[in-house]
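> Right, I'll just put the structure down here and ask away after.
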Amino acid sequence: VGKKIKSGTSFSRYATLYKSFCFSIVEDILSEEGYNQYFMIGSDATFGGRRTYFESHGKTEIFDYTTAVEEGKIPEGYWVWWGYEDQKLFENAKEKLSEIGTKDEPFNFTMLTVDTHFEDGYVCEQCPTEYDTQYSNVMACSSRQVGEFLKWIQQQDFYENTTIVISGDHPTMDSDYCAEIDQEGNYDRRVFTAYINAAAYAQDQQERTYSTFDNFPTTLAALGVQIDGDRLGLGTNLFSGTKTLLEEFGNSKVNAELKKKSEFIEKLSAMDK
């Protein structure tokens, strides 16, 4: 949620990588535009280097599992799934958005849900039992909660000047579940992405071939940013008519190039040490 712009792994290595890079991300750009920025998550933000990532870019205020305990949102010692469930996360998000949405200042509020994580997801008290598998019921429950949260935002005064971005961080890692629903092998698994109330319009309505690289410039364009050349990093602004890397070079070529070793990246990330 962001107001539109006017005019088995060692995760400590990820932290090293984030601190070493001299690059700009969405949070850096929005910080320069005077945005107040928040990140809310129901687990420990330190996991996966997320805390370092957000603290290193854009002066983002973090609200995670530890914060929820400190502020009395959940009892001390409470722990389910990865920390606390999405049902409580959405309520905490509503409370925070109600607070920051009344200020006459632009904001970027990011939240990360977790109930649909593998294996089989987390069954909360709101989950239905209409499907034969637990994961299907969890997916349906999560979709319902996201939809209700969306409707709540659309009823708030700040929505008129607010863009919503919904995106998965990766396809589900519950491969057995996918095999069961796609026995013929025709299901093309993709990361869900949607832009709602964007300050930009697609130049054409043709189906695009894109990757998560394209989220960077497309998100900024959705907030009203004008991007010279419609490209940032490896991403392309999907509201423009400019071809993405996948459209220009094809999936095989892009994957082959990404798999090549980079001495520069290895030096920064210290992955071989």
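Chain identifiers are assigned as A, B, and so on, following the order in which chains appear in the structure tokens; residues are numbered from 1 within each chain, and ligands are numbered from 1 in order of appearance.
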If you run DSSP over the backbone, which residues in region 31-189 of chain A end up alpha helix (DSSP H)? Put them as a PyMOL selection string.
chain A and resi 31-32+50-55+65-70+86-100+134-154+175-181
> Using C-alpha atoms, can you write the selected residues to a file as a PDB file, in the first residue's frame?

ATOM      1  CA  SER A  31      12.340   8.022   1.078  1.00  0.00           C
ATOM      2  CA  GLU A  32      13.806  10.771  -1.093  1.00  0.00           C
ATOM      3  CA  ARG A  50      14.815  -8.791   5.965  1.00  0.00           C
ATOM      4  CA  ARG A  51      15.613  -6.561   8.924  1.00  0.00           C
ATOM      5  CA  THR A  52      18.973  -5.581   7.452  1.00  0.00           C
ATOM      6  CA  TYR A  53      17.401  -5.103   4.033  1.00  0.00           C
ATOM      7  CA  PHE A  54      14.765  -2.646   5.239  1.00  0.00           C
ATOM      8  CA  GLU A  55      16.984  -0.899   7.760  1.00  0.00           C
ATOM      9  CA  TYR A  65       6.739 -10.650  15.942  1.00  0.00           C
ATOM     10  CA  THR A  66       8.995  -9.066  18.571  1.00  0.00           C
ATOM     11  CA  THR A  67       7.274  -5.694  18.174  1.00  0.00           C
ATOM     12  CA  ALA A  68       3.853  -7.327  18.557  1.00  0.00           C
ATOM     13  CA  VAL A  69       4.924  -8.869  21.874  1.00  0.00           C
ATOM     14  CA  GLU A  70       6.448  -5.609  23.103  1.00  0.00           C
ATOM     15  CA  ASP A  86      -2.282 -13.707   9.343  1.00  0.00           C
ATOM     16  CA  GLN A  87      -5.658 -13.231  11.013  1.00  0.00           C
ATOM     17  CA  LYS A  88      -3.941 -11.122  13.672  1.00  0.00           C
ATOM     18  CA  LEU A  89      -1.584  -9.550  11.117  1.00  0.00           C
ATOM     19  CA  PHE A  90      -4.489  -8.080   9.135  1.00  0.00           C
ATOM     20  CA  GLU A  91      -6.020  -6.598  12.296  1.00  0.00           C
ATOM     21  CA  ASN A  92      -2.692  -5.060  13.277  1.00  0.00           C
ATOM     22  CA  ALA A  93      -2.324  -3.694   9.742  1.00  0.00           C
ATOM     23  CA  LYS A  94      -5.763  -2.063   9.900  1.00  0.00           C
ATOM     24  CA  GLU A  95      -4.846  -0.401  13.183  1.00  0.00           C
ATOM     25  CA  LYS A  96      -1.560   0.917  11.796  1.00  0.00           C
ATOM     26  CA  LEU A  97      -3.094   2.096   8.522  1.00  0.00           C
ATOM     27  CA  SER A  98      -5.877   3.877  10.427  1.00  0.00           C
ATOM     28  CA  GLU A  99      -3.152   5.769  12.277  1.00  0.00           C
ATOM     29  CA  ILE A 100      -0.850   6.686   9.392  1.00  0.00           C
ATOM     30  CA  GLN A 134      -5.822 -28.739   4.079  1.00  0.00           C
ATOM     31  CA  TYR A 135      -3.774 -26.606   1.692  1.00  0.00           C
ATOM     32  CA  SER A 136      -6.810 -25.870  -0.487  1.00  0.00           C
ATOM     33  CA  ASN A 137      -8.751 -24.727   2.568  1.00  0.00           C
ATOM     34  CA  VAL A 138      -5.838 -22.545   3.717  1.00  0.00           C
ATOM     35  CA  MET A 139      -5.539 -21.002   0.246  1.00  0.00           C
ATOM     36  CA  ALA A 140      -9.256 -20.233   0.200  1.00  0.00           C
ATOM     37  CA  CYS A 141      -9.050 -18.751   3.686  1.00  0.00           C
ATOM     38  CA  SER A 142      -6.100 -16.553   2.749  1.00  0.00           C
ATOM     39  CA  SER A 143      -7.827 -15.337  -0.422  1.00  0.00           C
ATOM     40  CA  ARG A 144     -10.904 -14.440   1.619  1.00  0.00           C
ATOM     41  CA  GLN A 145      -8.860 -12.520   4.186  1.00  0.00           C
ATOM     42  CA  VAL A 146      -6.956 -10.616   1.507  1.00  0.00           C
ATOM     43  CA  GLY A 147     -10.212  -9.752  -0.246  1.00  0.00           C
ATOM     44  CA  GLU A 148     -11.800  -8.487   2.961  1.00  0.00           C
ATOM     45  CA  PHE A 149      -8.695  -6.449   3.758  1.00  0.00           C
ATOM     46  CA  LEU A 150      -8.821  -4.927   0.270  1.00  0.00           C
ATOM     47  CA  LYS A 151     -12.469  -3.944   0.692  1.00  0.00           C
ATOM     48  CA  TRP A 152     -11.642  -2.369   4.051  1.00  0.00           C
ATOM     49  CA  ILE A 153      -8.888  -0.252   2.476  1.00  0.00           C
ATOM     50  CA  GLN A 154     -11.216   0.843  -0.323  1.00  0.00           C
ATOM     51  CA  SER A 175       5.303 -29.295  -4.941  1.00  0.00           C
ATOM     52  CA  ASP A 176       3.231 -32.357  -4.031  1.00  0.00           C
ATOM     53  CA  TYR A 177       0.105 -30.231  -3.896  1.00  0.00           C
ATOM     54  CA  CYS A 178       0.792 -28.792  -7.346  1.00  0.00           C
ATOM     55  CA  ALA A 179       1.391 -32.266  -8.778  1.00  0.00           C
ATOM     56  CA  GLU A 180      -2.001 -33.417  -7.515  1.00  0.00           C
ATOM     57  CA  ILE A 181      -3.905 -30.534  -9.118  1.00  0.00           C
TER      58      ILE A 181
END
> Please list as a list in words every residue within 9 Å of Glu119 (chain A), counting only C-alpha atoms and excluding residues in the same chain fewer than 3 positions away.
Thr116, Tyr122, Tyr135, Met173 and Asp174 of chain A
> Enumerate, as a PyMOL selection string, the complete set of residues in region 68-210 of chain A that a backbone-based DSSP assignment places in strand (DSSP E or B).
chain A and resi 80+83+107-112+162-167+193-196
> Using only C-alpha atoms, determine which residues lie at most 6 Å from Tyr84 (chain A), disregarding the query and same-chain residues fewer than 3 positions distant; provide the list as a ChimeraX atom specification.
/A:42,79-80
> Out of A:Gly241, A:Gly168, A:Gly48, A:Gly235, which residue has the shortest atom-to-atom distance to Tyr201 (chain A) when counting only C-alpha atoms?
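The closest residue to Tyr201 (chain A) is A:Gly241.
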> Which of these, A:Glu71, A:Asp228, A:Asp64, A:Glu160, has the shortest distance to Gly101 (chain A) once you count only C-alpha atoms?
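The answer is A:Glu160, which sits nearest to Gly101 (chain A).
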> Between CA of Glu247 (chain A) and CA of Thr110 (chain A), what distance in Å does the model show, to one decimal?
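About the pair CA of Glu247 (chain A) and CA of Thr110 (chain A): they are 29.1 Å apart.
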> For Arg231 (chain A), list every protein, DNA or RNA residue within 9 Å, evaluated using only C-alpha atoms, and leave out those in the same chain fewer than 5 positions away; present the list as a PyMOL selection string.
chain A and resi 214+216-218+236-237+242+244
> Between CA of Asn36 (chain A) and CA of Ile74 (chain A), what is the distance, to one decimal in Å?
25.1 Å
> Quick one: of A:Ser240, A:Asn186, A:Ser167, A:Ser24, who's nearest to Arg208 (chain A), counting only C-alpha atoms?
A:Ser240
